[in-house]
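> Supplied structure: final18.cif, mmCIF, C-alpha atoms.
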data_model
#
loop_
_atom_site.group_PDB
_atom_site.id
_atom_site.type_symbol
_atom_site.label_atom_id
_atom_site.label_comp_id
_atom_site.auth_asym_id
_atom_site.auth_seq_id
_atom_site.Cartn_x
_atom_site.Cartn_y
_atom_site.Cartn_z
ATOM 1 C CA MET A 88 27.530 10.011 3.020
ATOM 2 C CA LEU A 89 31.032 10.436 4.382
ATOM 3 C CA THR A 90 33.891 9.875 1.937
ATOM 4 C CA LEU A 91 37.204 8.163 2.589
ATOM 5 C CA GLU A 92 38.828 11.614 2.723
ATOM 6 C CA ASP A 93 36.290 12.678 5.370
ATOM 7 C CA ARG A 94 37.103 9.618 7.440
ATOM 8 C CA GLU A 95 40.849 10.209 7.153
ATOM 9 C CA GLU A 96 40.316 13.763 8.377
ATOM 10 C CA ILE A 97 38.261 12.435 11.302
ATOM 11 C CA SER A 98 41.063 10.017 12.147
ATOM 12 C CA ARG A 99 43.645 12.840 12.065
ATOM 13 C CA GLY A 100 41.423 15.021 14.219
ATOM 14 C CA ILE A 101 41.108 12.278 16.837
ATOM 15 C CA ALA A 102 44.907 11.876 16.849
ATOM 16 C CA GLU A 103 45.255 15.618 17.435
ATOM 17 C CA GLY A 104 42.798 15.484 20.320
ATOM 18 C CA LEU A 105 40.212 17.725 18.640
ATOM 19 C CA GLU A 106 36.586 17.757 19.770
ATOM 20 C CA ASN A 107 33.911 16.365 17.484
ATOM 21 C CA LYS A 108 32.562 19.807 16.628
ATOM 22 C CA GLN A 109 36.069 20.943 15.616
ATOM 23 C CA ILE A 110 36.479 17.906 13.382
ATOM 24 C CA ALA A 111 33.043 18.534 11.921
ATOM 25 C CA ALA A 112 33.985 22.117 11.078
ATOM 26 C CA ARG A 113 37.055 20.860 9.226
ATOM 27 C CA ILE A 114 35.068 18.577 6.920
ATOM 28 C CA GLY A 115 31.985 20.773 6.696
ATOM 29 C CA ARG A 116 29.631 18.315 8.385
ATOM 30 C CA CYS A 117 27.299 18.352 11.355
ATOM 31 C CA ALA A 118 28.920 17.447 14.685
ATOM 32 C CA SER A 119 26.280 14.750 15.274
ATOM 33 C CA ILE A 120 27.340 12.988 12.063
ATOM 34 C CA VAL A 121 30.943 12.898 13.232
ATOM 35 C CA SER A 122 29.888 11.657 16.658
ATOM 36 C CA ARG A 123 27.794 8.814 15.226
ATOM 37 C CA GLU A 124 30.555 7.870 12.788
ATOM 38 C CA ILE A 125 33.109 7.542 15.575
ATOM 39 C CA ASP A 126 30.763 5.602 17.870
ATOM 40 C CA ARG A 127 29.705 3.278 15.069
ATOM 41 C CA HIS A 128 33.264 2.257 14.277
ATOM 42 C CA GLY A 129 34.920 1.541 17.606
ATOM 43 C CA GLY A 130 35.006 4.882 19.383
ATOM 44 C CA ARG A 131 37.938 7.262 19.590
ATOM 45 C CA ALA A 132 40.360 4.598 20.833
ATOM 46 C CA GLU A 133 39.676 2.163 17.977
ATOM 47 C CA TYR A 134 38.626 4.374 15.059
ATOM 48 C CA ARG A 135 40.533 3.776 11.803
ATOM 49 C CA ALA A 136 39.566 5.492 8.555
ATOM 50 C CA SER A 137 40.225 2.556 6.213
ATOM 51 C CA ARG A 138 38.370 0.063 8.404
ATOM 52 C CA ALA A 139 35.400 2.428 8.808
ATOM 53 C CA GLU A 140 35.267 2.945 5.035
ATOM 54 C CA ARG A 141 35.225 -0.836 4.360
ATOM 55 C CA ALA A 142 32.478 -1.395 6.951
ATOM 56 C CA ALA A 143 30.360 1.441 5.532
ATOM 57 C CA THR A 144 30.752 0.142 1.973
ATOM 58 C CA THR A 145 29.711 -3.357 3.029
ATOM 59 C CA ASP A 146 26.721 -2.036 4.945
ATOM 60 C CA ARG A 147 25.511 -0.017 1.958
ATOM 61 C CA LYS A 148 25.627 -3.081 -0.291
ATOM 62 C CA ARG A 149 23.902 -5.392 2.186
ATOM 63 C CA PRO A 150 20.226 -5.907 1.311
ATOM 64 C CA LYS A 151 18.061 -4.395 4.009
ATOM 65 C CA ALA A 152 15.427 -6.838 5.173
ATOM 66 C CA ARG A 153 12.051 -5.247 5.770
ATOM 67 C CA LYS A 154 10.340 -6.008 9.042
ATOM 68 C CA MET A 155 7.170 -6.939 7.177
ATOM 69 C CA ASP A 156 9.120 -9.557 5.208
ATOM 70 C CA ASP A 157 10.971 -10.922 8.242
ATOM 71 C CA ASP A 158 7.943 -11.403 10.502
ATOM 72 C CA PRO A 159 5.159 -13.579 8.993
ATOM 73 C CA TYR A 160 2.778 -12.959 11.915
ATOM 74 C CA LEU A 161 3.144 -9.177 11.697
ATOM 75 C CA ARG A 162 2.632 -9.374 7.948
ATOM 76 C CA LEU A 163 -0.511 -11.477 8.433
ATOM 77 C CA VAL A 164 -1.975 -8.962 10.886
ATOM 78 C CA VAL A 165 -1.187 -5.968 8.679
ATOM 79 C CA VAL A 166 -2.465 -7.585 5.475
ATOM 80 C CA GLU A 167 -5.745 -8.527 7.141
ATOM 81 C CA LEU A 168 -6.280 -4.928 8.275
ATOM 82 C CA LEU A 169 -5.380 -3.587 4.834
ATOM 83 C CA LYS A 170 -8.058 -5.858 3.381
ATOM 84 C CA GLN A 171 -10.539 -4.254 5.777
ATOM 85 C CA GLY A 172 -9.772 -0.870 4.255
ATOM 86 C CA TRP A 173 -7.546 0.461 7.047
ATOM 87 C CA SER A 174 -4.820 2.920 6.122
ATOM 88 C CA PRO A 175 -1.186 2.240 7.103
ATOM 89 C CA GLN A 176 -1.403 5.097 9.621
ATOM 90 C CA GLN A 177 -4.489 3.583 11.242
ATOM 91 C CA ILE A 178 -2.788 0.190 11.415
ATOM 92 C CA ALA A 179 0.398 1.569 12.984
ATOM 93 C CA GLY A 180 -1.544 3.527 15.563
ATOM 94 C CA ARG A 181 -3.926 0.722 16.474
ATOM 95 C CA LEU A 182 -1.459 -2.177 16.847
ATOM 96 C CA PRO A 183 -0.276 -1.133 20.347
ATOM 97 C CA ILE A 184 -3.928 -1.005 21.462
ATOM 98 C CA ASP A 185 -4.973 -4.377 20.058
ATOM 99 C CA HIS A 186 -1.665 -6.136 20.877
ATOM 100 C CA PRO A 187 -0.518 -4.490 24.128
ATOM 101 C CA GLY A 188 1.765 -7.321 25.238
ATOM 102 C CA GLU A 189 3.302 -8.114 21.869
ATOM 103 C CA GLU A 190 6.163 -5.707 21.257
ATOM 104 C CA ALA A 191 7.036 -7.505 18.033
ATOM 105 C CA VAL A 192 3.647 -6.544 16.563
ATOM 106 C CA ARG A 193 4.678 -2.951 15.931
ATOM 107 C CA VAL A 194 5.376 -1.265 12.633
ATOM 108 C CA SER A 195 5.461 2.333 11.416
ATOM 109 C CA HIS A 196 3.143 3.477 8.672
ATOM 110 C CA GLU A 197 6.231 4.356 6.585
ATOM 111 C CA ALA A 198 7.352 0.716 6.832
ATOM 112 C CA VAL A 199 3.941 -0.493 5.673
ATOM 113 C CA TYR A 200 3.999 1.858 2.685
ATOM 114 C CA ALA A 201 7.577 0.799 1.848
ATOM 115 C CA TRP A 202 6.572 -2.870 1.934
ATOM 116 C CA ILE A 203 3.562 -2.258 -0.292
ATOM 117 C CA TYR A 204 5.503 -0.238 -2.852
ATOM 118 C CA ALA A 205 8.219 -2.911 -2.988
ATOM 119 C CA LEU A 206 5.769 -5.635 -4.013
ATOM 120 C CA PRO A 207 6.157 -6.913 -7.584
ATOM 121 C CA LYS A 208 3.790 -5.531 -10.174
ATOM 122 C CA GLY A 209 0.384 -7.159 -9.864
ATOM 123 C CA GLU A 210 1.088 -8.641 -6.427
ATOM 124 C CA LEU A 211 -1.042 -6.058 -4.645
ATOM 125 C CA ALA A 212 -4.087 -7.040 -6.700
ATOM 126 C CA ARG A 213 -3.291 -10.739 -6.424
ATOM 127 C CA GLN A 214 -3.411 -10.520 -2.628
ATOM 128 C CA GLY A 215 -6.641 -8.554 -2.742
ATOM 129 C CA LEU A 216 -5.021 -5.422 -1.312
ATOM 130 C CA ALA A 217 -5.611 -1.801 -2.224
ATOM 131 C CA LEU A 218 -4.474 1.409 -0.630
ATOM 132 C CA ARG A 219 -7.281 3.790 0.104
ATOM 133 C CA SER A 220 -7.164 6.230 -2.778
ATOM 134 C CA GLY A 221 -6.714 9.876 -1.922
ATOM 135 C CA ARG A 222 -9.213 12.163 -3.585
ATOM 136 C CA THR A 223 -8.024 14.664 -6.166
ATOM 137 C CA ARG A 224 -7.378 18.181 -5.001
ATOM 138 C CA ARG A 225 -10.547 20.231 -4.917
ATOM 139 C CA LYS A 226 -10.484 22.946 -7.539
ATOM 140 C CA PRO A 227 -10.948 26.437 -6.114
ATOM 141 C CA ALA A 228 -14.226 27.983 -7.127
ATOM 142 C CA HIS A 229 -12.823 31.336 -8.242
ATOM 143 C CA GLY A 230 -15.462 33.891 -9.000
ATOM 144 C CA ARG A 231 -18.384 31.700 -7.957
ATOM 145 C CA VAL A 232 -21.020 33.684 -6.135
ATOM 146 C CA ALA A 233 -23.068 31.997 -3.432
ATOM 147 C CA LYS A 234 -26.731 31.967 -4.326
ATOM 148 C CA ALA A 235 -29.344 32.719 -1.720
ATOM 149 C CA PRO A 236 -30.991 29.493 -0.544
ATOM 150 C CA ARG A 237 -34.688 28.949 -1.192
ATOM 151 C CA THR A 238 -35.390 27.001 2.003
ATOM 152 C CA ALA A 239 -37.559 28.883 4.464
ATOM 153 C CA GLY A 240 -36.905 29.284 8.186
ATOM 154 C CA MET A 241 -33.213 28.450 8.050
ATOM 155 C CA ARG A 242 -30.854 28.791 11.009
ATOM 156 C CA TRP A 243 -27.221 29.282 10.023
ATOM 157 C CA ILE A 244 -24.278 27.456 11.531
ATOM 158 C CA THR A 245 -23.434 30.609 13.477
ATOM 159 C CA GLU A 246 -26.630 30.008 15.470
ATOM 160 C CA ARG A 247 -25.609 26.481 16.376
ATOM 161 C CA PRO A 248 -25.072 25.867 20.119
ATOM 162 C CA ALA A 249 -21.671 27.150 21.205
ATOM 163 C CA ASP A 250 -20.625 23.780 22.639
ATOM 164 C CA ALA A 251 -20.758 22.217 19.140
ATOM 165 C CA ALA A 252 -17.598 23.930 17.933
ATOM 166 C CA ASP A 253 -15.034 22.461 20.343
ATOM 167 C CA ARG A 254 -16.231 18.829 20.053
ATOM 168 C CA GLN A 255 -16.317 18.438 23.830
ATOM 169 C CA VAL A 256 -20.063 17.817 24.113
ATOM 170 C CA PRO A 257 -21.581 14.867 22.198
ATOM 171 C CA GLY A 258 -24.787 14.891 20.213
ATOM 172 C CA HIS A 259 -23.887 17.385 17.482
ATOM 173 C CA TRP A 260 -24.117 15.860 14.011
ATOM 174 C CA GLU A 261 -23.143 16.769 10.462
ATOM 175 C CA GLY A 262 -25.204 15.618 7.503
ATOM 176 C CA GLY A 263 -24.878 15.591 3.740
ATOM 177 C CA TRP A 264 -27.875 15.817 1.400
ATOM 178 C CA GLU A 265 -26.810 17.735 -1.688
ATOM 179 C CA GLY A 266 -23.147 18.776 -1.725
ATOM 180 C CA GLY A 267 -22.398 16.021 0.796
ATOM 181 C CA LEU A 268 -24.858 13.435 -0.498
ATOM 182 C CA ILE A 269 -23.403 10.230 -1.925
ATOM 183 C CA ILE A 270 -25.089 10.143 -5.333
ATOM 184 C CA GLY A 271 -25.177 7.142 -7.626
ATOM 185 C CA LYS A 272 -25.402 6.554 -11.366
ATOM 186 C CA ASP A 273 -27.225 9.276 -13.343
ATOM 187 C CA GLY A 274 -28.204 10.946 -10.080
ATOM 188 C CA LYS A 275 -31.052 8.463 -9.608
ATOM 189 C CA THR A 276 -29.862 6.804 -6.391
ATOM 190 C CA ALA A 277 -28.322 8.218 -3.238
ATOM 191 C CA VAL A 278 -27.610 7.623 0.419
ATOM 192 C CA GLY A 279 -27.566 10.212 3.199
ATOM 193 C CA THR A 280 -24.813 10.454 5.782
ATOM 194 C CA LEU A 281 -24.849 11.507 9.428
ATOM 195 C CA VAL A 282 -21.623 11.841 11.438
ATOM 196 C CA GLU A 283 -21.443 12.556 15.178
ATOM 197 C CA ARG A 284 -18.765 15.226 15.707
ATOM 198 C CA VAL A 285 -17.139 13.923 18.913
ATOM 199 C CA SER A 286 -16.868 10.206 18.063
ATOM 200 C CA ARG A 287 -16.913 10.458 14.227
ATOM 201 C CA PHE A 288 -19.566 7.720 14.376
ATOM 202 C CA VAL A 289 -21.282 7.269 11.002
ATOM 203 C CA VAL A 290 -24.947 6.560 10.343
ATOM 204 C CA LEU A 291 -25.984 5.846 6.760
ATOM 205 C CA VAL A 292 -29.515 6.917 5.867
ATOM 206 C CA PRO A 293 -31.296 4.838 3.183
ATOM 207 C CA LEU A 294 -33.110 7.055 0.681
ATOM 208 C CA ALA A 295 -35.806 5.769 -1.616
ATOM 209 C CA ALA A 296 -35.946 9.174 -3.336
ATOM 210 C CA ARG A 297 -34.168 12.543 -3.253
ATOM 211 C CA ASN A 298 -37.032 14.777 -2.191
ATOM 212 C CA ALA A 299 -37.482 16.761 1.012
ATOM 213 C CA ALA A 300 -40.237 14.593 2.494
ATOM 214 C CA THR A 301 -38.277 11.364 1.971
ATOM 215 C CA VAL A 302 -35.077 12.817 3.402
ATOM 216 C CA SER A 303 -36.726 14.267 6.504
ATOM 217 C CA GLU A 304 -38.554 11.033 7.298
ATOM 218 C CA ALA A 305 -35.387 9.002 6.756
ATOM 219 C CA VAL A 306 -33.404 11.232 9.115
ATOM 220 C CA ILE A 307 -36.126 11.048 11.753
ATOM 221 C CA ASP A 308 -36.158 7.233 11.547
ATOM 222 C CA SER A 309 -32.365 7.136 11.880
ATOM 223 C CA VAL A 310 -32.054 9.276 15.026
ATOM 224 C CA GLN A 311 -35.308 9.048 16.932
ATOM 225 C CA ASP A 312 -34.154 6.149 19.133
ATOM 226 C CA LEU A 313 -31.070 7.999 20.350
ATOM 227 C CA PRO A 314 -31.170 9.584 23.819
ATOM 228 C CA GLY A 315 -31.961 13.276 23.830
ATOM 229 C CA THR A 316 -28.437 14.201 24.865
ATOM 230 C CA LEU A 317 -27.192 12.693 21.614
ATOM 231 C CA ARG A 318 -29.639 14.803 19.584
ATOM 232 C CA ARG A 319 -28.368 18.320 20.224
ATOM 233 C CA SER A 320 -28.013 19.652 16.669
ATOM 234 C CA LEU A 321 -27.630 18.690 13.006
ATOM 235 C CA THR A 322 -25.557 20.831 10.650
ATOM 236 C CA CYS A 323 -26.207 20.191 6.959
ATOM 237 C CA ASP A 324 -25.816 21.879 3.586
ATOM 238 C CA CYS A 325 -28.314 24.107 1.827
ATOM 239 C CA GLY A 326 -29.709 21.518 -0.560
ATOM 240 C CA SER A 327 -33.369 21.495 -1.456
ATOM 241 C CA GLU A 328 -33.577 18.015 0.100
ATOM 242 C CA MET A 329 -33.569 19.755 3.489
ATOM 243 C CA ALA A 330 -36.550 21.998 2.761
ATOM 244 C CA ASP A 331 -38.563 20.009 5.302
ATOM 245 C CA HIS A 332 -35.995 20.564 8.078
ATOM 246 C CA ALA A 333 -38.686 21.854 10.432
ATOM 247 C CA ALA A 334 -40.163 18.332 10.602
ATOM 248 C CA ILE A 335 -36.812 16.978 11.809
ATOM 249 C CA THR A 336 -36.577 19.647 14.477
ATOM 250 C CA LEU A 337 -40.156 18.974 15.625
ATOM 251 C CA LYS A 338 -40.494 15.184 15.377
ATOM 252 C CA ALA A 339 -36.956 14.104 16.206
ATOM 253 C CA GLU A 340 -36.279 17.024 18.559
ATOM 254 C CA LEU A 341 -33.072 17.571 16.611
ATOM 255 C CA PRO A 342 -32.478 21.269 15.830
ATOM 256 C CA VAL A 343 -31.215 21.766 12.281
ATOM 257 C CA CYS A 344 -28.631 24.380 11.267
ATOM 258 C CA PHE A 345 -27.213 25.105 7.821
ATOM 259 C CA ALA A 346 -23.655 25.620 6.622
ATOM 260 C CA HIS A 347 -23.157 28.604 4.353
ATOM 261 C CA PRO A 348 -23.423 28.009 0.589
ATOM 262 C CA HIS A 349 -20.261 26.637 -1.041
ATOM 263 C CA SER A 350 -18.524 26.252 2.339
ATOM 264 C CA PRO A 351 -17.839 22.500 2.653
ATOM 265 C CA TRP A 352 -15.148 23.115 5.302
ATOM 266 C CA GLU A 353 -17.953 24.012 7.710
ATOM 267 C CA ARG A 354 -18.939 20.347 7.499
ATOM 268 C CA GLY A 355 -15.431 18.943 7.263
ATOM 269 C CA THR A 356 -16.123 15.742 9.193
ATOM 270 C CA ASN A 357 -19.014 14.908 6.896
ATOM 271 C CA GLU A 358 -16.953 15.712 3.800
ATOM 272 C CA ASN A 359 -14.115 13.416 4.894
ATOM 273 C CA THR A 360 -16.551 10.631 5.701
ATOM 274 C CA ASN A 361 -18.152 10.885 2.269
ATOM 275 C CA ARG A 362 -14.715 10.610 0.672
ATOM 276 C CA TRP A 363 -14.147 7.317 2.511
ATOM 277 C CA LEU A 364 -17.606 6.106 1.528
ATOM 278 C CA ARG A 365 -16.641 6.428 -2.125
ATOM 279 C CA GLU A 366 -14.524 3.312 -1.563
ATOM 280 C CA TYR A 367 -17.804 1.423 -1.228
ATOM 281 C CA PHE A 368 -19.912 3.499 -3.636
ATOM 282 C CA PRO A 369 -17.678 4.485 -6.597
ATOM 283 C CA LYS A 370 -18.912 7.282 -8.797
ATOM 284 C CA GLY A 371 -21.116 6.078 -11.626
ATOM 285 C CA THR A 372 -22.507 3.051 -9.783
ATOM 286 C CA VAL A 373 -26.029 2.419 -8.545
ATOM 287 C CA ILE A 374 -26.332 2.914 -4.778
ATOM 288 C CA THR A 375 -28.587 0.507 -2.952
ATOM 289 C CA ASN A 376 -31.033 1.613 -0.285
ATOM 290 C CA ASP A 377 -30.937 -1.833 1.332
ATOM 291 C CA PRO A 378 -30.653 -0.971 5.061
ATOM 292 C CA ASP A 379 -28.789 -4.191 5.905
ATOM 293 C CA TYR A 380 -26.092 -3.517 3.320
ATOM 294 C CA LEU A 381 -25.763 0.137 4.353
ATOM 295 C CA GLN A 382 -25.507 -0.929 7.997
ATOM 296 C CA ALA A 383 -22.695 -3.325 7.108
ATOM 297 C CA VAL A 384 -20.803 -0.494 5.389
ATOM 298 C CA ALA A 385 -21.347 1.817 8.357
ATOM 299 C CA ASP A 386 -20.180 -0.908 10.749
ATOM 300 C CA GLU A 387 -16.957 -1.332 8.795
ATOM 301 C CA LEU A 388 -16.267 2.407 8.792
ATOM 302 C CA ASN A 389 -17.035 2.684 12.496
ATOM 303 C CA ASN A 390 -14.621 -0.171 13.149
ATOM 304 C CA ARG A 391 -11.658 1.693 11.651
ATOM 305 C CA PRO A 392 -9.364 3.321 14.229
ATOM 306 C CA ARG A 393 -8.872 7.072 13.838
ATOM 307 C CA ALA A 394 -5.718 9.030 14.581
ATOM 308 C CA ILE A 395 -7.849 11.959 15.800
ATOM 309 C CA LEU A 396 -9.347 9.626 18.437
ATOM 310 C CA GLY A 397 -5.998 8.315 19.646
ATOM 311 C CA TYR A 398 -6.536 5.282 17.401
ATOM 312 C CA LEU A 399 -9.726 4.312 19.146
ATOM 313 C CA LYS A 400 -12.584 3.265 16.901
ATOM 314 C CA PRO A 401 -15.671 5.454 16.416
ATOM 315 C CA LYS A 402 -17.877 2.618 17.651
ATOM 316 C CA GLU A 403 -15.845 2.439 20.880
ATOM 317 C CA VAL A 404 -16.074 6.177 21.501
ATOM 318 C CA PHE A 405 -19.788 6.298 20.606
ATOM 319 C CA ALA A 406 -20.539 3.361 22.914
ATOM 320 C CA GLU A 407 -18.788 5.235 25.713
ATOM 321 C CA LEU A 408 -20.895 8.330 24.962
ATOM 322 C CA LEU A 409 -24.060 6.266 25.198
ATOM 323 C CA THR A 410 -23.189 4.997 28.663
ATOM 324 C CA SER A 411 -21.268 7.936 30.120
ATOM 325 C CA GLY A 412 -22.692 10.548 32.405
ATOM 326 C CA ILE A 413 -22.223 13.274 29.815
ATOM 327 C CA ALA A 414 -24.558 11.459 27.415
ATOM 328 C CA THR A 415 -27.168 10.506 29.990
ATOM 329 C CA THR A 416 -27.334 13.651 32.045
ATOM 330 C CA GLY A 417 -26.393 16.257 29.471
#
As structure tokens, what does this structure read like?


Amino acid sequence: MLTLEDREEISRGIAEGLENKQIAARIGRCASIVSREIDRHGGRAEYRASRAERAATTDRKRPKARKMDDDPYLRLVVVELLKQGWSPQQIAGRLPIDHPGEEAVRVSHEAVYAWIYALPKGELARQGLALRSGRTRRKPAHGRVAKAPRTAGMRWITERPADAADRQVPGHWEGGWEGGLIIGKDGKTAVGTLVERVSRFVVLVPLAARNAATVSEAVIDSVQDLPGTLRRSLTCDCGSEMADHAAITLKAELPVCFAHPHSPWERGTNENTNRWLREYFPKGTVITNDPDYLQAVADELNNRPRAILGYLKPKEVFAELLTSGIATTG
């Protein structure tokens, strides 16, 4: 902040006819700060150090009203989306899309965070709000040696079709079955995840058991009704649950490739999706295989706007893929 001495020096510099950058050099400040100070307090013709100091002191003491507090409608919209599990960034990016003619319904994600953090203790819980928790930093696996997988007939991710890497062609999926599987209490329950790489569309796969036959049949049931152009490849981890991958390739006409051992970044979309799913399936809880419940969870995730999609929703992008020429003609 500028001091009274700084402002007096600015006033003297103006009287001497100095340029802003010369004044700035005198007081050791950036020229843009001097320029804004002068413009804010009457311009060169009206600038007075004492008056500028009084105005600045008053402005610093004045409580700053937050936009979220001033606008009940904006607050209502934001709170409703927070209750749906949207992040402040998703909300800020999506508002211009859902409210194109309402310029007042705009807020930055920083403003949403500031409003949340300013709430009295316990108010967040009272309103039924919760920020999506960030996962803890993954610990590096120093010295861990990748073991050779025991699954026969594997094709590595390097053999995946070339058009899968740039996310320009739809129909390439990522799946989690061991490292990416959402596992419930005592390892007795689980749900599989499939994520389409272009749209980030999520399909949850109910699993009655964690064996290869059950997993392969569940995957086949989940994808077999999709058009062929949306069944180009599936990249998964090296878990034993995928030992029957040949059945998926044959029956669902969905070629299966494998990420390298201990390389979760090769299935980054799937890893991120599983982190979000932990909001619905906390560690240590029993995971249901009720297809209706899992579909409801998938619908909610697919209804969240994504920054990577220009704040479109995965369901919107996937619907476009289903009807577009690229999905119907290949």

> What does the distance between CA of Leu381 (chain A) and CA of Leu294 (chain A) come to in Å, to one decimal place?

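Separating CA of Leu381 (chain A) from CA of Leu294 (chain A) is a distance of 10.7 Å.
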
> Any chance you could work out the residue set of the PyMOL selection byres ((chain A and resi 396) around 12) here, as a list in words?

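Here the PyMOL selection byres ((chain A and resi 396) around 12) matches Gln177, Gly180, Arg181, Arg254, Arg284, Val285, Ser286, Arg287, Phe288, Asn389, Arg391, Pro392, Arg393, Ala394, Ile395, Gly397, Tyr398, Leu399, Lys400, Pro401, Lys402, Glu403, Val404 and Phe405 of chain A.
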
> Suppose a student applies the PyMOL selection byres ((chain A and resi 338) around 10) to this structure; what residues should they get, written as a compact mmCIF listing (two decimals) with C-alpha atoms, in the frame of the given file?


# COMPACT_ATOMS: atom_id res chain seq x y z
CA SER A 303 -36.73 14.27 6.50
CA GLU A 304 -38.55 11.03 7.30
CA ILE A 307 -36.13 11.05 11.75
CA ASP A 308 -36.16 7.23 11.55
CA GLN A 311 -35.31 9.05 16.93
CA ALA A 333 -38.69 21.85 10.43
CA ALA A 334 -40.16 18.33 10.60
CA ILE A 335 -36.81 16.98 11.81
CA THR A 336 -36.58 19.65 14.48
CA LEU A 337 -40.16 18.97 15.62
CA ALA A 339 -36.96 14.10 16.21
CA GLU A 340 -36.28 17.02 18.56
CA LEU A 341 -33.07 17.57 16.61

> Do you know which residues are at most 10 Å from region 249-251 of chain A counting only C-alpha atoms, after dropping those on the same chain fewer than 6 positions away, and could you put them as a list in words?

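Listing them by chain and then by number gives Pro257, Gly258, His259, Trp260, Arg284, Val285, Arg319, Ser320, Leu321 and Thr322 of chain A.
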
> Figure out the distance between CA of Tyr160 (chain A) and CA of Leu211 (chain A), please, to one decimal in Å.

18.3 Å

> Pick out the closest residue to Gln176 (chain A) from this set: A:Glu197, A:Val302, A:Glu190, A:Thr356. Count only C-alpha atoms.

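Nearest candidate to Gln176 (chain A) out of A:Glu197, A:Val302, A:Glu190, A:Thr356: A:Glu197.
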
> Taking 4 positions as the minimum chain separation for residues in the same chain, which residues sit within 8 Å of His196 (chain A) when counting all atoms listed in the file? Answer as a PyMOL selection string.

chain A and resi 175-176+178-179+200

> Can you spell out as an MDAnalysis selection string the set of residues that the PyMOL selection byres ((chain A and resi 139) around 10) selects in the structure I just provided?

chainID A and resid 91 94:95 124:125 127:129 134:138 140:145

> CA of Ala295 (chain A) and CA of Pro351 (chain A) are how many Å apart?

24.9 Å

> Hey, could you pull the box centre and edge lengths for region 240-244 of chain A, axis-aligned, 5 Å padding per side, all listed atoms, to one decimal in Å, as AutoDock Vina command-line options?


--center_x -30.6 --center_y 28.4 --center_z 9.8 --size_x 22.6 --size_y 11.8 --size_z 13.5

> Compare A:Thr316, A:Ser309, A:Thr90, A:Gln382 by their minimum atom-to-atom distance to Thr410 (chain A), counting only C-alpha atoms, and give me the closest one.

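Checking each of A:Thr316, A:Ser309, A:Thr90, A:Gln382 against Thr410 (chain A), counting only C-alpha atoms, the winner is A:Thr316.
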
> Of the residues A:Asn361, A:Ser327, A:Ser98, A:Thr372, which is the one nearest to Arg113 (chain A), using all atoms listed in the file?

A:Ser98

> For Leu182 (chain A), please output as a list in words all residues within 7 Å (counting only C-alpha atoms; exclusion window: fewer than 4 positions along the same chain).

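Selected residues are Ile178, His186, Val192 and Arg193 of chain A.
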
> Using all atoms listed in the file, which of A:Ile110, A:Met329, A:Val292, A:Ala191 sits nearest Pro159 (chain A)?

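Among the listed residues, the smallest separation from Pro159 (chain A) belongs to A:Ala191.
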